[in-house]
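Reviewing the structure listed below.
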Amino acid sequence: MLWIVLADSELELVPKEIVRTPAILKSAQMRRKDASGVLLDSSNHFASMKGLKEWQRRGRPDIVHFCLLLALDSQLNREGGLKVVVHTRNDEVIEFASETRLPRIYGRFTGLMEDLFKKGKIVSPEGRTLMRLKRKTLSKLLEETGVEPIVFDESGEKLGITELAKLLTSNDACVVIGGFPSGGFKSKCLEGCKKVSVAHEPLCAWSVLAKAVVAREAALEGA
């Protein structure tokens, strides 16, 4: 099993300190939603976000959306060889059943995530839990995987796909990818972990994830 952890992901509901600001209220009104139940999105809420700590990196559900579409639709996941988990800046963890198929349309995805934050889980018509939201630190999550994580970081050891595949040959492996647009990880538990890089320039999270999936598939084919 390959664990892919999107760590420190910028996925959160609108923080209470800006929930009554004009941009937030206008966005919520257009969607006929309570402002406190809306996902923070820098595309719609930029004017209200400058009062937030670390506002430049926050409000990026699109990063999580792209990564999940790629991961959950991969052959590796369809064959039961992938477990993808989202960890948020507020120490929430979202787990996904392998059969989960997310909406391709971004607006429907954000609505689904808002329902998840409200209800704590998303259940299929057949009664199967497809997504579950829990309070959990990244440290606790990584401990539960039972394997030493490999962290993708632009400052890490430069590896090609072949070399990365060699690191992912064991039965169980775990890679950590930042679910944020720029900067470093917030979670201090990653400081002592092995760090690798798969490019000579910064890549988007979904590009890194794609390389991890390809490397794992190559590792399994060569086993």
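Here, A, B, ... name the chains of the structure tokens in the order displayed, residue numbers run from 1 inside each chain, and ligands are numbered from 1 in the same displayed order.
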
Using only C-alpha atoms, determine which residues lie at most 9 Å from Leu130 in chain A, disregarding the query and same-chain residues fewer than 5 positions distant; provide the list as a list in words.
Glu95, Phe96, Ala97, Ser98, Glu99, Thr100, Arg101, Lys121, Ile122, Val123 and Ser124 of chain A

Every residue of range 5-135 of chain A that DSSP places in helix (DSSP H, G or I), as a PyMOL selection string:
chain A and resi 16-18+22-31+35-37+42-49+55-57+61-72+75-78+106-119

How many Å separate CA of Pro103 in chain A from CA of Leu25 in chain A?
25.3 Å

Which residues come within 10 Å of range 178-192 of chain A, counting only C-alpha atoms, excluding same-chain residues fewer than 2 positions away, as a PyMOL selection string?
chain A and resi 5-11+56-64+67+86-89+91+137-140+142+149-154+176+194-195+202-206+208-209

Just N, CA and C atoms for this one: save the residues we selected as a compact mmCIF listing (two decimals), in the first residue's frame.
```txt
# COMPACT_ATOMS: atom_id res chain seq x y z
N VAL A 5 -0.02 11.41 1.63
CA VAL A 5 -0.55 12.36 2.60
C VAL A 5 -0.36 13.77 2.07
N LEU A 6 -1.46 14.48 1.85
CA LEU A 6 -1.40 15.91 1.51
C LEU A 6 -1.38 16.67 2.83
N ALA A 7 -0.22 17.16 3.20
CA ALA A 7 -0.02 17.73 4.53
C ALA A 7 -0.16 19.25 4.55
N ASP A 8 -0.65 19.77 5.67
CA ASP A 8 -0.83 21.22 5.87
C ASP A 8 -1.65 21.83 4.74
N SER A 9 -2.62 21.08 4.25
CA SER A 9 -3.43 21.54 3.12
C SER A 9 -4.25 22.77 3.50
N GLU A 10 -4.33 23.69 2.56
CA GLU A 10 -5.06 24.94 2.80
C GLU A 10 -6.53 24.76 2.45
N LEU A 11 -7.16 23.92 3.24
CA LEU A 11 -8.58 23.60 3.10
C LEU A 11 -9.25 23.88 4.45
N GLN A 56 -1.39 34.79 2.57
CA GLN A 56 -0.93 34.57 1.19
C GLN A 56 -1.05 33.10 0.75
N ARG A 57 -0.99 32.18 1.71
CA ARG A 57 -1.01 30.77 1.34
C ARG A 57 -2.36 30.10 1.59
N ARG A 58 -3.30 30.81 2.17
CA ARG A 58 -4.55 30.18 2.60
C ARG A 58 -5.65 30.26 1.54
N GLY A 59 -6.71 29.48 1.76
CA GLY A 59 -7.84 29.51 0.85
C GLY A 59 -7.58 28.88 -0.49
N ARG A 60 -7.00 27.65 -0.50
CA ARG A 60 -6.67 26.98 -1.76
C ARG A 60 -7.28 25.57 -1.85
N PRO A 61 -8.59 25.46 -1.83
CA PRO A 61 -9.22 24.14 -2.02
C PRO A 61 -8.91 23.54 -3.38
N ASP A 62 -8.59 24.40 -4.36
CA ASP A 62 -8.32 23.90 -5.71
C ASP A 62 -7.13 22.95 -5.74
N ILE A 63 -6.13 23.18 -4.89
CA ILE A 63 -4.97 22.30 -4.84
C ILE A 63 -5.38 20.90 -4.41
N VAL A 64 -6.19 20.83 -3.37
CA VAL A 64 -6.69 19.54 -2.89
C VAL A 64 -7.55 18.87 -3.96
N CYS A 67 -5.36 17.38 -6.80
CA CYS A 67 -4.60 16.22 -6.30
C CYS A 67 -5.50 15.00 -6.11
N VAL A 86 -5.97 13.57 3.35
CA VAL A 86 -5.73 15.02 3.39
C VAL A 86 -5.62 15.46 4.85
N HIS A 87 -4.52 16.13 5.16
CA HIS A 87 -4.35 16.75 6.49
C HIS A 87 -4.41 18.26 6.28
N THR A 88 -5.19 18.96 7.10
CA THR A 88 -5.38 20.40 6.91
C THR A 88 -4.55 21.22 7.90
N ARG A 89 -4.47 22.51 7.63
CA ARG A 89 -3.72 23.43 8.50
C ARG A 89 -4.27 23.43 9.93
N ASP A 91 -5.31 20.82 11.63
CA ASP A 91 -5.18 19.46 12.17
C ASP A 91 -6.49 18.69 12.10
N THR A 137 -3.66 15.14 14.44
CA THR A 137 -2.43 15.81 14.05
C THR A 137 -1.73 15.03 12.95
N LEU A 138 -0.85 15.70 12.23
CA LEU A 138 -0.06 15.02 11.21
C LEU A 138 0.84 13.97 11.85
N SER A 139 1.41 14.28 12.99
CA SER A 139 2.28 13.34 13.70
C SER A 139 1.54 12.04 14.00
N LYS A 140 0.32 12.14 14.50
CA LYS A 140 -0.48 10.95 14.81
C LYS A 140 -0.83 10.19 13.55
N LEU A 142 0.84 10.04 10.69
CA LEU A 142 2.02 9.35 10.16
C LEU A 142 2.39 8.15 11.03
N PRO A 149 7.94 8.10 6.70
CA PRO A 149 7.49 8.88 5.54
C PRO A 149 8.65 9.44 4.73
N ILE A 150 8.42 9.57 3.45
CA ILE A 150 9.33 10.27 2.55
C ILE A 150 8.65 11.60 2.19
N VAL A 151 9.32 12.69 2.47
CA VAL A 151 8.72 14.01 2.30
C VAL A 151 9.24 14.66 1.02
N PHE A 152 8.32 15.09 0.17
CA PHE A 152 8.72 15.83 -1.03
C PHE A 152 8.94 17.29 -0.66
N ASP A 153 10.16 17.74 -0.90
CA ASP A 153 10.56 19.10 -0.54
C ASP A 153 11.60 19.55 -1.55
N GLU A 154 11.47 20.77 -2.05
CA GLU A 154 12.39 21.22 -3.10
C GLU A 154 13.84 21.29 -2.62
N VAL A 176 4.78 12.22 1.63
CA VAL A 176 4.10 13.42 2.12
C VAL A 176 4.31 14.55 1.11
N LYS A 194 13.17 11.95 5.96
CA LYS A 194 13.91 11.94 4.70
C LYS A 194 13.19 12.83 3.70
N LYS A 195 13.95 13.71 3.04
CA LYS A 195 13.35 14.65 2.08
C LYS A 195 13.95 14.41 0.70
N PRO A 202 10.55 24.36 -8.43
CA PRO A 202 9.32 24.03 -7.69
C PRO A 202 8.22 23.52 -8.63
N LEU A 203 7.50 22.49 -8.18
CA LEU A 203 6.38 21.94 -8.93
C LEU A 203 5.09 22.10 -8.14
N CYS A 204 3.97 22.11 -8.86
CA CYS A 204 2.67 22.10 -8.19
C CYS A 204 2.49 20.76 -7.49
N ALA A 205 1.67 20.76 -6.45
CA ALA A 205 1.46 19.55 -5.66
C ALA A 205 0.98 18.38 -6.52
N TRP A 206 0.09 18.64 -7.47
CA TRP A 206 -0.45 17.54 -8.28
C TRP A 206 0.59 16.97 -9.24
N VAL A 208 3.80 16.71 -8.46
CA VAL A 208 4.60 15.85 -7.58
C VAL A 208 3.85 14.55 -7.30
N LEU A 209 2.56 14.66 -7.04
CA LEU A 209 1.75 13.48 -6.77
C LEU A 209 1.76 12.53 -7.97
```

Write down as a PyMOL selection string the residues belonging to chain A that are assigned strand (DSSP E or B) by DSSP computed on the backbone.
chain A and resi 2-9+13+39+82-88+92-96+121-123+129-135+149-158+173-178+194-197

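CA of Val38 in chain A lies 24.9 Å from CA of Ala71 in chain A.
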
Report the distance between CA of Glu12 in chain A and CA of Arg31 in chain A in Å, rounded to one decimal place.
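CA of Glu12 in chain A sits 17.4 Å away from CA of Arg31 in chain A.
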
Counting only C-alpha atoms, the option among A:Leu76, A:Val196, A:Phe66, A:Glu17 closest to Lys53 in chain A:
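Answer, going by the shortest atom-to-atom distance: A:Glu17.
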
Selected residue, from A:Leu141, A:Leu112, A:Ala173, A:Leu168, that lies nearest to Leu39 in chain A when counting only C-alpha atoms:
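Of all the options, A:Leu112 lies closest to Leu39 in chain A.
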
Write out as a count of residues only the residues lying within 10 Å of Glu201 in chain A, counting only C-alpha atoms and excluding same-chain residues fewer than 3 positions away.
4

Looking at A:Ala212, A:Gly146, A:Ser43, A:Gly120, which one is nearest to Val84 in chain A, with distances taken over only C-alpha atoms?
A:Ala212

Select, from A:Lys136, A:Arg104, A:Lys33, A:Lys211, the residue with the minimum atom-to-atom distance to His65 in chain A, counting only C-alpha atoms.
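Among A:Lys136, A:Arg104, A:Lys33, A:Lys211, it is A:Arg104 that comes nearest to His65 in chain A.
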